[in-house]
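upload10.cif (mmCIF, C-alpha atoms)
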data_upload
loop_
_atom_site.label_atom_id
_atom_site.label_comp_id
_atom_site.auth_asym_id
_atom_site.auth_seq_id
_atom_site.Cartn_x
_atom_site.Cartn_y
_atom_site.Cartn_z
CA MET A 1 -71.09 18.10 33.96
CA SER A 2 -72.10 15.19 31.74
CA VAL A 3 -75.29 16.91 30.64
CA SER A 4 -73.46 20.04 29.57
CA LYS A 5 -70.79 18.01 27.82
CA ARG A 6 -73.38 16.10 25.85
CA HIS A 7 -74.99 19.39 24.97
CA GLU A 8 -71.74 20.81 23.63
CA GLU A 9 -70.98 17.98 21.27
CA GLY A 10 -72.35 19.81 18.27
CA MET A 11 -75.43 20.06 16.13
CA THR A 12 -77.65 17.37 14.67
CA PHE A 13 -76.75 14.56 12.27
CA ILE A 14 -78.02 16.46 9.21
CA VAL A 15 -75.80 19.47 9.85
CA LYS A 16 -72.74 17.25 10.33
CA THR A 17 -73.31 15.41 7.07
CA VAL A 18 -73.87 18.58 5.05
CA THR A 19 -70.76 20.11 6.64
CA LYS A 20 -68.65 17.17 5.53
CA ILE A 21 -69.79 17.70 1.93
CA THR A 22 -69.54 21.49 1.71
CA LEU A 23 -66.29 21.98 3.62
CA GLY A 24 -64.00 21.29 0.69
CA PHE A 25 -65.93 23.62 -1.57
CA ILE A 26 -65.64 26.53 0.88
CA LEU A 27 -61.88 25.93 1.20
CA LEU A 28 -61.51 25.78 -2.58
CA TYR A 29 -63.47 29.00 -3.02
CA GLY A 30 -61.15 30.79 -0.60
CA ILE A 31 -58.09 29.65 -2.54
CA PHE A 32 -59.77 30.70 -5.81
CA ILE A 33 -60.48 34.19 -4.48
CA SER A 34 -56.88 34.46 -3.38
CA VAL A 35 -55.13 33.13 -6.49
CA GLY A 36 -57.23 35.00 -9.07
CA GLU A 37 -56.33 38.36 -7.62
CA HIS A 38 -54.36 39.70 -10.56
CA ASN A 39 -57.14 39.73 -13.14
CA SER A 40 -60.41 39.60 -11.21
CA PRO A 41 -61.72 41.20 -8.00
CA GLY A 42 -60.63 39.56 -4.80
CA SER A 43 -57.60 39.73 -2.56
CA GLY A 44 -55.39 37.56 -0.42
CA PHE A 45 -56.91 38.86 2.80
CA ALA A 46 -60.48 37.99 1.76
CA GLY A 47 -59.35 34.49 0.76
CA GLY A 48 -57.67 34.04 4.12
CA VAL A 49 -60.79 35.06 6.01
CA ILE A 50 -62.88 32.61 3.94
CA VAL A 51 -60.42 29.80 4.82
CA ALA A 52 -60.70 30.74 8.51
CA LEU A 53 -64.50 30.72 8.21
CA SER A 54 -64.42 27.17 6.87
CA PHE A 55 -62.51 26.10 9.99
CA VAL A 56 -65.02 27.96 12.16
CA HIS A 57 -67.71 25.98 10.32
CA ILE A 58 -66.15 22.73 11.58
CA MET A 59 -66.12 24.07 15.11
CA LEU A 60 -69.74 25.17 15.09
CA ALA A 61 -70.94 21.86 13.66
CA PHE A 62 -68.82 19.32 15.53
CA GLY A 63 -68.25 21.06 18.85
CA ARG A 64 -65.19 22.46 20.56
CA GLU A 65 -63.45 19.22 21.36
CA ALA A 66 -63.16 18.02 17.77
CA ALA A 67 -61.72 21.31 16.59
CA ARG A 68 -59.31 21.54 19.50
CA ASN A 69 -58.08 18.01 18.94
CA LYS A 70 -57.36 18.82 15.31
CA LEU A 71 -55.35 21.95 16.12
CA ARG A 72 -51.64 21.43 16.58
CA LEU A 73 -50.28 24.72 17.80
CA PHE A 74 -46.60 24.20 17.01
CA SER A 75 -47.20 23.10 13.41
CA THR A 76 -49.65 25.94 12.80
CA PHE A 77 -47.19 28.53 14.05
CA LEU A 78 -44.37 27.01 12.01
CA LEU A 79 -46.55 27.32 8.88
CA ILE A 80 -47.58 30.91 9.64
CA SER A 81 -44.03 31.99 10.38
CA THR A 82 -42.68 30.37 7.21
CA ALA A 83 -45.29 32.12 5.09
CA ALA A 84 -44.56 35.47 6.74
CA ALA A 85 -40.82 35.03 6.12
CA VAL A 86 -41.42 34.22 2.44
CA PHE A 87 -43.63 37.30 2.16
CA LEU A 88 -40.92 39.45 3.72
CA LEU A 89 -38.30 38.14 1.29
CA ALA A 90 -40.64 38.66 -1.64
CA THR A 91 -41.33 42.25 -0.65
CA VAL A 92 -37.67 43.17 -0.34
CA LYS A 93 -37.07 42.32 -3.96
CA SER A 94 -33.54 43.60 -4.22
CA PHE A 95 -32.16 40.57 -2.40
CA ILE A 96 -34.04 37.72 -4.01
CA LYS A 97 -36.23 36.99 -7.02
CA ILE A 98 -39.27 34.86 -6.24
CA PRO A 99 -40.57 32.67 -9.09
CA TYR A 100 -44.31 32.98 -9.85
CA PHE A 101 -44.47 36.25 -7.99
CA LEU A 102 -48.18 36.91 -8.56
CA LEU A 103 -49.16 33.50 -7.16
CA THR A 104 -46.74 33.36 -4.25
CA MET A 105 -47.59 36.60 -2.49
CA PRO A 106 -51.41 36.17 -2.23
CA LEU A 107 -50.96 32.55 -1.12
CA CYS A 108 -48.57 33.58 1.65
CA GLU A 109 -51.02 36.26 2.78
CA THR A 110 -53.85 33.71 2.77
CA VAL A 111 -51.88 31.26 4.92
CA VAL A 112 -50.95 33.92 7.48
CA VAL A 113 -54.45 35.40 7.79
CA GLY A 114 -56.36 32.11 7.72
CA GLY A 115 -54.19 30.28 10.24
CA GLY A 116 -53.92 33.30 12.51
CA LEU A 117 -57.64 34.00 12.65
CA PHE A 118 -58.46 30.36 13.37
CA VAL A 119 -55.99 30.31 16.27
CA VAL A 120 -57.56 33.53 17.56
CA PHE A 121 -61.07 32.08 17.40
CA ILE A 122 -60.03 28.91 19.25
CA THR A 123 -58.40 31.04 21.94
CA LEU A 124 -61.47 33.26 22.39
CA VAL A 125 -63.69 30.19 22.77
CA LEU A 126 -61.36 28.44 25.20
CA ILE A 127 -61.44 31.44 27.53
CA TYR A 128 -65.09 30.61 28.07
CA LYS A 129 -64.35 26.92 28.41
CA GLU A 130 -62.89 27.01 31.89
CA LYS A 131 -65.21 29.72 33.15
CA MET B 1 -71.23 68.10 -0.93
CA SER B 2 -74.20 66.83 1.08
CA VAL B 3 -72.85 63.27 0.79
CA TYR B 4 -69.85 64.36 2.82
CA LEU B 5 -72.17 65.83 5.46
CA LEU B 6 -74.13 62.57 5.75
CA CYS B 7 -70.85 60.70 6.15
CA LEU B 8 -69.87 63.17 8.89
CA ILE B 9 -73.18 62.52 10.70
CA LEU B 10 -72.45 58.79 10.65
CA PHE B 11 -69.04 59.50 12.17
CA SER B 12 -70.67 61.64 14.86
CA VAL B 13 -73.01 58.82 15.88
CA GLY B 14 -70.00 56.62 16.53
CA LEU B 15 -68.21 59.40 18.39
CA TYR B 16 -71.23 59.94 20.66
CA CYS B 17 -71.34 56.22 21.39
CA VAL B 18 -67.67 56.17 22.38
CA LEU B 19 -67.89 59.28 24.55
CA ARG B 20 -71.15 58.71 26.37
CA MET B 21 -71.71 54.98 26.87
CA ARG B 22 -70.44 53.02 29.83
CA ASN B 23 -70.56 49.48 28.50
CA ILE B 24 -67.38 48.12 26.91
CA ILE B 25 -69.24 46.27 24.12
CA LYS B 26 -71.03 49.52 23.24
CA ILE B 27 -67.68 51.29 23.02
CA ILE B 28 -66.38 48.60 20.65
CA ILE B 29 -69.51 49.10 18.52
CA GLY B 30 -68.87 52.86 18.42
CA ILE B 31 -65.28 52.33 17.27
CA ALA B 32 -66.57 50.04 14.50
CA ILE B 33 -69.05 52.70 13.32
CA MET B 34 -66.31 55.34 13.19
CA GLU B 35 -64.13 53.00 11.16
CA TYR B 36 -66.94 52.39 8.67
CA ALA B 37 -67.50 56.13 8.23
CA ALA B 38 -63.81 56.80 7.62
CA ASN B 39 -63.58 54.03 5.00
CA LEU B 40 -66.67 55.31 3.21
CA PHE B 41 -65.27 58.86 3.18
CA PHE B 42 -62.10 57.70 1.42
CA ILE B 43 -64.06 55.89 -1.27
CA LEU B 44 -66.39 58.89 -1.75
CA LEU B 45 -63.37 61.09 -2.40
CA GLY B 46 -62.20 58.90 -5.24
CA TYR B 47 -65.48 58.47 -7.08
CA ARG B 48 -65.84 59.86 -10.60
CA THR B 49 -69.22 60.48 -12.26
CA HIS B 50 -70.13 57.75 -14.77
CA GLY B 51 -66.89 56.03 -13.89
CA ARG B 52 -65.91 52.43 -14.28
CA SER B 53 -64.32 50.01 -11.83
CA PRO B 54 -60.52 49.91 -12.25
CA ILE B 55 -60.19 46.52 -13.94
CA TYR B 56 -59.02 46.29 -17.54
CA ALA B 57 -60.76 43.96 -19.95
CA PRO B 58 -58.33 41.98 -22.14
CA ASP B 59 -59.21 43.58 -25.48
CA GLN B 60 -60.48 46.99 -24.47
CA VAL B 61 -58.99 50.32 -23.47
CA VAL B 62 -61.17 52.33 -21.10
CA LYS B 63 -60.28 55.88 -20.14
CA ASN B 64 -62.94 56.84 -17.58
CA MET B 65 -61.99 55.00 -14.38
CA VAL B 66 -62.45 55.78 -10.71
CA ASP B 67 -59.42 56.54 -8.54
CA PRO B 68 -57.71 53.25 -7.55
CA LEU B 69 -55.40 54.64 -4.86
CA PRO B 70 -58.01 55.12 -2.05
CA GLN B 71 -59.30 51.62 -2.73
CA ALA B 72 -55.83 50.20 -2.15
CA LEU B 73 -55.49 52.18 1.08
CA VAL B 74 -58.93 51.15 2.38
CA ALA B 75 -58.19 47.49 1.64
CA ILE B 76 -55.38 47.72 4.18
CA THR B 77 -57.49 49.70 6.66
CA ILE B 78 -60.19 47.00 6.75
CA ALA B 79 -57.61 44.34 7.66
CA ILE B 80 -56.15 46.42 10.47
CA GLY B 81 -59.67 47.22 11.72
CA LEU B 82 -60.48 43.50 12.02
CA ALA B 83 -57.25 42.87 13.97
CA THR B 84 -58.01 45.79 16.31
CA MET B 85 -61.55 44.59 16.98
CA LEU B 86 -60.36 41.06 17.81
CA LEU B 87 -57.82 42.42 20.29
CA LEU B 88 -60.46 44.65 21.93
CA VAL B 89 -62.89 41.73 22.30
CA ALA B 90 -60.18 39.58 23.90
CA ILE B 91 -59.33 42.31 26.41
CA ALA B 92 -63.05 42.86 27.17
CA ILE B 93 -63.58 39.16 27.90
CA ARG B 94 -60.55 39.20 30.17
CA ILE B 95 -61.91 42.23 32.06
CA TYR B 96 -65.28 40.52 32.49
CA GLU B 97 -63.57 37.47 33.90
CA LYS B 98 -61.56 39.48 36.40
CA TYR B 99 -64.13 42.04 37.59
CA GLY B 100 -67.46 40.42 36.72
CA THR B 101 -68.88 43.44 34.88
CA PHE B 102 -68.69 45.35 31.61
CA ASP B 103 -69.25 48.75 33.26
CA ILE B 104 -66.18 50.93 32.93
CA THR B 105 -66.88 53.02 36.02
CA LYS B 106 -66.60 49.96 38.26
CA ILE B 107 -63.20 48.85 36.98
CA ASN B 108 -61.17 50.94 39.34
CA ARG B 109 -59.95 48.45 41.87
CA LEU B 110 -56.18 48.08 41.91
CA LYS B 111 -56.41 44.47 42.89
CA GLY B 112 -53.83 41.91 41.80
CA MET C 1 -76.93 59.26 -7.64
CA ILE C 2 -80.02 58.90 -5.48
CA GLU C 3 -79.01 55.38 -4.34
CA ILE C 4 -76.01 56.51 -2.36
CA TYR C 5 -78.17 58.94 -0.36
CA LEU C 6 -80.69 56.20 0.43
CA ILE C 7 -78.00 53.79 1.55
CA LEU C 8 -76.32 56.44 3.71
CA LEU C 9 -79.65 57.25 5.39
CA PHE C 10 -80.20 53.52 6.02
CA MET C 11 -76.74 53.25 7.57
CA ILE C 12 -77.35 56.24 9.84
CA ALA C 13 -80.68 54.82 10.98
CA ALA C 14 -79.14 51.42 11.74
CA ALA C 15 -76.28 53.07 13.61
CA VAL C 16 -78.67 55.10 15.77
CA ILE C 17 -80.63 51.91 16.54
CA ALA C 18 -77.41 50.09 17.43
CA VAL C 19 -76.36 52.86 19.79
CA SER C 20 -79.69 53.35 21.52
CA LEU C 21 -80.87 49.77 22.11
CA LYS C 22 -80.47 48.30 25.57
CA ASP C 23 -80.27 44.64 24.59
CA MET C 24 -76.70 43.75 23.67
CA LEU C 25 -77.56 40.99 21.18
CA SER C 26 -79.96 43.24 19.21
CA SER C 27 -77.32 45.95 19.16
CA VAL C 28 -74.75 43.58 17.67
CA VAL C 29 -77.22 42.50 14.97
CA ALA C 30 -77.85 46.17 14.13
CA ILE C 31 -74.13 46.79 13.69
CA GLY C 32 -74.17 43.91 11.20
CA ALA C 33 -76.86 45.82 9.27
CA VAL C 34 -74.56 48.86 9.13
CA GLY C 35 -71.79 46.69 7.68
CA ILE C 36 -74.04 45.22 5.01
CA GLY C 37 -75.11 48.75 4.04
CA LEU C 38 -71.46 49.71 3.68
CA CYS C 39 -70.94 46.68 1.43
CA MET C 40 -73.78 47.83 -0.86
CA ALA C 41 -72.35 51.36 -0.94
CA PHE C 42 -69.00 49.95 -2.07
CA ILE C 43 -70.70 48.13 -4.94
CA ILE C 44 -72.47 51.33 -6.08
CA LEU C 45 -69.26 53.36 -5.82
CA LYS C 46 -67.49 50.92 -8.20
CA ALA C 47 -65.22 49.12 -5.75
CA PRO C 48 -66.07 45.39 -6.04
CA GLU C 49 -62.89 44.19 -4.34
CA LEU C 50 -63.65 46.15 -1.18
CA ALA C 51 -67.23 44.85 -1.23
CA ILE C 52 -65.96 41.25 -1.04
CA MET C 53 -63.56 42.10 1.79
CA GLN C 54 -66.19 44.02 3.78
CA LEU C 55 -68.79 41.23 3.48
CA VAL C 56 -66.39 38.53 4.69
CA VAL C 57 -64.92 40.61 7.50
CA GLU C 58 -68.42 41.58 8.65
CA ILE C 59 -69.47 37.94 8.99
CA LEU C 60 -66.39 37.00 11.03
CA SER C 61 -66.61 39.98 13.38
CA LEU C 62 -70.35 39.41 13.85
CA ILE C 63 -69.72 35.80 14.92
CA ILE C 64 -67.04 36.89 17.38
CA LEU C 65 -69.13 39.72 18.86
CA VAL C 66 -72.10 37.39 19.34
CA ARG C 67 -69.73 34.93 21.01
CA ALA C 68 -68.58 37.69 23.36
CA THR C 69 -71.99 39.06 24.32
CA ILE C 70 -74.06 35.91 24.67
CA ARG C 71 -75.55 35.28 28.13
CA LYS C 72 -74.04 38.51 29.45
CA ASP C 73 -76.75 41.13 29.34
CA LEU C 74 -76.22 44.12 31.56
CA PRO C 75 -78.88 46.77 32.13
CA PHE C 76 -77.73 50.20 30.99
CA SER C 77 -77.66 52.72 33.81
CA ALA C 78 -77.06 56.41 33.19
CA SER C 79 -76.51 57.53 36.74
CA GLY C 80 -73.46 59.39 37.93
CA ARG C 81 -72.27 62.83 36.88
CA TRP C 82 -74.92 63.29 34.25
CA LEU C 83 -74.74 67.08 33.80
CA PHE C 84 -70.95 67.28 33.63
CA ASN C 85 -70.69 64.48 31.09
CA THR C 86 -73.39 65.97 28.88
CA VAL C 87 -71.81 69.42 28.88
CA VAL C 88 -68.36 68.06 28.05
CA THR C 89 -69.79 65.93 25.24
CA LEU C 90 -71.69 68.85 23.71
CA LEU C 91 -68.62 71.09 23.88
CA PHE C 92 -66.47 68.50 22.18
CA PHE C 93 -69.12 68.01 19.49
CA ALA C 94 -69.30 71.75 18.80
CA VAL C 95 -65.55 72.06 18.30
CA PHE C 96 -65.41 68.94 16.14
CA LEU C 97 -68.33 69.85 13.88
CA THR C 98 -67.11 73.43 13.36
CA THR C 99 -63.64 72.28 12.34
CA ALA C 100 -65.06 69.61 10.05
CA TYR C 101 -67.43 72.05 8.33
CA LEU C 102 -64.65 74.56 7.74
CA SER C 103 -62.41 71.90 6.24
CA LEU C 104 -65.18 70.50 4.02
CA LYS C 105 -64.98 73.59 1.83
CA CYS C 106 -61.47 72.78 0.67
CA LEU C 107 -62.38 69.34 -0.71
CA PRO C 108 -62.93 68.69 -4.43
CA ASN C 109 -66.51 68.29 -5.59
CA PHE C 110 -68.21 64.93 -5.43
CA GLY C 111 -67.67 63.12 -8.74
CA SER C 112 -64.54 64.89 -9.98
CA PRO C 113 -61.41 63.77 -8.11
CA GLU C 114 -57.89 65.06 -8.62
CA MET C 115 -55.94 62.07 -9.86
CA LYS C 116 -52.37 63.30 -9.74
CA ILE C 117 -50.75 60.11 -8.46
CA ALA C 118 -53.26 57.56 -9.68
CA GLY C 119 -52.95 58.60 -13.32
CA VAL C 120 -49.49 57.05 -13.45
CA TYR C 121 -50.80 53.81 -11.95
CA LEU C 122 -53.68 53.68 -14.41
CA THR C 123 -51.55 54.18 -17.49
CA GLU C 124 -48.53 52.09 -16.51
CA GLY C 125 -50.15 49.31 -14.47
CA LEU C 126 -51.11 47.06 -17.35
CA VAL C 127 -48.21 47.91 -19.65
CA LYS C 128 -45.31 47.50 -17.24
CA LYS C 129 -46.58 44.95 -14.75
CA GLY C 130 -49.05 42.87 -16.75
CA ILE C 131 -51.78 42.93 -14.08
CA HIS C 132 -55.35 43.59 -15.22
CA ASN C 133 -56.66 44.59 -11.79
CA VAL C 134 -55.19 48.00 -11.02
CA VAL C 135 -55.90 47.80 -7.28
CA ALA C 136 -53.99 44.51 -7.11
CA ALA C 137 -51.17 46.14 -9.08
CA ILE C 138 -50.95 48.85 -6.43
CA THR C 139 -51.16 46.55 -3.39
CA LEU C 140 -48.86 43.87 -4.79
CA ASP C 141 -46.29 45.79 -6.74
CA PHE C 142 -46.20 49.58 -6.56
CA ARG C 143 -46.85 49.82 -2.84
CA SER C 144 -46.10 46.35 -1.50
CA TYR C 145 -44.59 47.74 1.70
CA ASP C 146 -48.15 48.66 2.73
CA THR C 147 -49.17 45.02 2.43
CA LEU C 148 -46.11 44.04 4.45
CA GLY C 149 -47.29 46.38 7.20
CA GLU C 150 -50.76 44.85 7.09
CA ILE C 151 -49.34 41.35 7.50
CA ALA C 152 -47.20 42.59 10.40
CA ALA C 153 -50.28 44.10 12.10
CA VAL C 154 -52.31 40.88 11.77
CA PHE C 155 -49.41 38.76 13.05
CA THR C 156 -48.89 41.07 16.04
CA ALA C 157 -52.62 40.94 16.86
CA VAL C 158 -52.56 37.11 16.83
CA VAL C 159 -49.56 37.00 19.18
CA GLY C 160 -51.16 39.62 21.44
CA ILE C 161 -54.45 37.72 21.73
CA LEU C 162 -52.57 34.52 22.57
CA ALA C 163 -50.70 36.42 25.29
CA VAL C 164 -53.90 37.92 26.71
CA GLY C 165 -55.87 34.68 26.67
CA ARG C 166 -53.32 32.27 28.04
CA ARG C 167 -54.05 30.04 30.99
CA ILE C 168 -50.66 29.17 32.46
CA GLY C 169 -50.17 32.09 34.82
CA LYS C 170 -53.57 31.74 36.38
CA LYS C 171 -53.13 28.04 37.09
CA ARG C 172 -49.86 28.70 38.89
CA GLU C 173 -51.58 31.35 41.02
CA ASP C 174 -54.23 28.85 41.99
CA HIS C 175 -51.66 26.26 43.00
CA VAL C 176 -49.86 28.80 45.16
CA GLY C 177 -53.16 29.87 46.71
CA GLU C 178 -54.07 26.34 47.63
#
Mind turning the file's structure into C-alpha cells?
Amino acid sequence: MSVSKRHEEGMTFIVKTVTKITLGFILLYGIFISVGEHNSPGSGFAGGVIVALSFVHIMLAFGREAARNKLRLFSTFLLISTAAAVFLLATVKSFIKIPYFLLTMPLCETVVVGGGLFVVFITLVLIYKEK
Amino acid sequence: MSVYLLCLILFSVGLYCVLRMRNIIKIIIGIAIMEYAANLFFILLGYRTHGRSPIYAPDQVVKNMVDPLPQALVAITIAIGLATMLLLVAIAIRIYEKYGTFDITKINRLKG
Amino acid sequence: MIEIYLILLFMIAAAVIAVSLKDMLSSVVAIGAVGIGLCMAFIILKAPELAIMQLVVEILSLIILVRATIRKDLPFSASGRWLFNTVVTLLFFAVFLTTAYLSLKCLPNFGSPEMKIAGVYLTEGLVKKGIHNVVAAITLDFRSYDTLGEIAAVFTAVVGILAVGRRIGKKREDHVGE
C-alpha cells in the first residue's frame, strides 16, 4: 500500500516547478479565448475546455490527492448552477436586460463547461481509486 | 462530388466498427469516427470556392464569404459529442467493474 | 483543392488503422490522428473557430480514453455466429450505400452553396448587432436558444456521470453483506 501511494504522489520536482509557473498562463489563455469571441475566432466552449485542461494539468503533476483536496463539491456546484441560471436569464431576453451582454454570456458558458468537465474527470479517476 | 464520396467512405468505416466489433472501447471509437464524418460533411456543404472566413475586418467590406450557418451548427454538435463520449466512457468503466470484461457478448447475466 | 483530398485520404487511412488494430492503446492514438486531420481540414475549409474547438476537444477526449483503456488489454476474438453477422452487415451496407448514392445527386455542387438563410446573417450581422465574427453573432444572438440547449446537454451529462460513478450505494451493499 505504501509503495503504491508513494508512486502516485506525482511526477518529479522539475515538472512540479514548471507547472506552478505555467498554470496561470494557461488559465489566462482560456479566459482570453472566451472573452474575445465577438471579434476574433474562439468560443466560450473552447475557453471552458482549456480551463478544465489547466486543472487536469494540476492533477497529472501533483497526484490525485492534491487535486481531490482542492475540490469542494458544494461550492463548485453552486458556481456552476449560478452561471447556468444567469445564462438562462440572458437568453430569455424579454424578461431582463443583462449589462455587458457580449462579455457575460461567454463567461457563463466558460464557467459551466470548465467546472463541469473538471468534476467529471475527478469522478472518472476516483472510480479507479477504490478498485 | 468525389469529396462527398470520400466523406461517405469515412462514415462507412465508423459504421462497420460499430456493427461488427465486440469490444466496448472499439464501439466508442466507431461512434467518434461517425461523428467526425458528419461534422466534416456539414462544413463541406457550406464551402465556397475562393471564399473567405466569415470574420469582418474593421475597415473592409468583403463580399465573398463561406456559409456561416453550418459552422454555427457544428460548433454545437462538437460540444454535445464530447458530452456523449464522456457518458459512454463512464458507463463502460462501470460495466468493466461489474462484469470484469469489455466483451459485449458476455454481459448477459441478470445479476444484481 | 488537392489538399482536401489528401487530408481526407489520410483520415480514412488512420480510421482503418484504428479499427483494425488489436492493441487498445495504439487504437486510441490512431483515433487522435483522425481528429488532428479533421482539425487541419477545418483550417483549409476556412473555419478557424471550429479548428480551435476540435483541437481542444480532441486533447481532452484522448486523455480520458487513455485513462479508460490503460492496463486493460483484451485480445480480440471473432468467434461466434460469424456467417450470420457478416451477411447482416453486408446487407445493411448495401441498403445504406445505395440510398446515400441516390441522395448525393440532389446536393449542390462542391464550392457553390445556396445561401438563402445565411445571406441575411452576413449582411445584417455587423450592422445591427455590432459583432465582427459572424459565427459568434449567430451562436450568441440570432440563434442563442441553440447555445442554451448545448449548455443544458453538458450540464445533464455532468449530473449523469456523477450519478453513474457514485460510491454510496455500493458501500451500503457491502455493509449489509458483511
Restricting the calculation to only C-alpha atoms, which member of B:Lys98, B:Leu45, B:Val18, B:Val89 is positioned closest to Pro68 in chain B?
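Among B:Lys98, B:Leu45, B:Val18, B:Val89, it is B:Leu45 that comes nearest to Pro68 in chain B.
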Which residues are close to Lys106 in chain B, i.e. within 12 Å by only C-alpha atoms, leaving aside same-chain residues fewer than 4 positions away? Reply as a ChimeraX atom specification.
/B:22-24,95-96,98-102,110 /C:80
From (-53.4, 38.2, 23.8), in the file's coordinates, out to 12 Å: which residues are reached, counting all atoms listed in the file? Answer as a PyMOL selection string.
(chain A and resi 119-121+123-124+127) or (chain B and resi 83-84+86-94) or (chain C and resi 155-167)
For chain C, which of A:Phe25, A:Phe62, A:Phe74, A:Phe45 is the closest residue, counting all atoms listed in the file?
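Among the listed residues, the smallest separation from chain C belongs to A:Phe45.
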Coordinates-based distance that separates CA of Gly115 in chain A from CA of Lys16 in chain A (Å, one decimal)
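Between these atoms lies a distance of 22.7 Å.
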What residues in chain C have any atom no more than 9 Å from chain A when counting all atoms listed in the file, and can you write them as an MDAnalysis selection string?
chainID C and resid 47:50 52:54 56:57 59:60 64 67:68 130:137 140:141 144:145 147:148 151:152 154:155 157:159 161:162 165:167
Would you list which chain B residues are within 6 Å of chain C using only C-alpha atoms, as JSON, numbers by chain?
{"B": [10, 46, 47, 48, 49, 53, 54, 55, 56, 68, 72, 83, 87]}
CA of Val51 in chain A and CA of Val35 in chain A are how many Å apart?
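Value for the CA of Val51 in chain A-CA of Val35 in chain A distance: 12.9 Å.
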Resolved residues for the PyMOL selection byres ((chain B and resi 34) around 9) as a list in words
Leu10, Phe11, Ser12, Val13, Gly14, Leu15, Ile29, Gly30, Ile31, Ala32, Ile33, Glu35, Tyr36, Ala37, Ala38 and Asn39 of chain B
CA of Ile78 in chain B and CA of Ala14 in chain C, how far apart in Å?
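According to the coordinates, CA of Ala14 in chain C and CA of Ile78 in chain B are separated by 20.1 Å.
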For Thr22 in chain A, list every protein, DNA or RNA residue within 10 Å, evaluated using all atoms listed in the file, and leave out those in the same chain fewer than 5 positions away; present the list as a list of chain:residue names.
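Result of the neighbour search: A:Thr17, A:Leu27, A:Ser54, A:His57.
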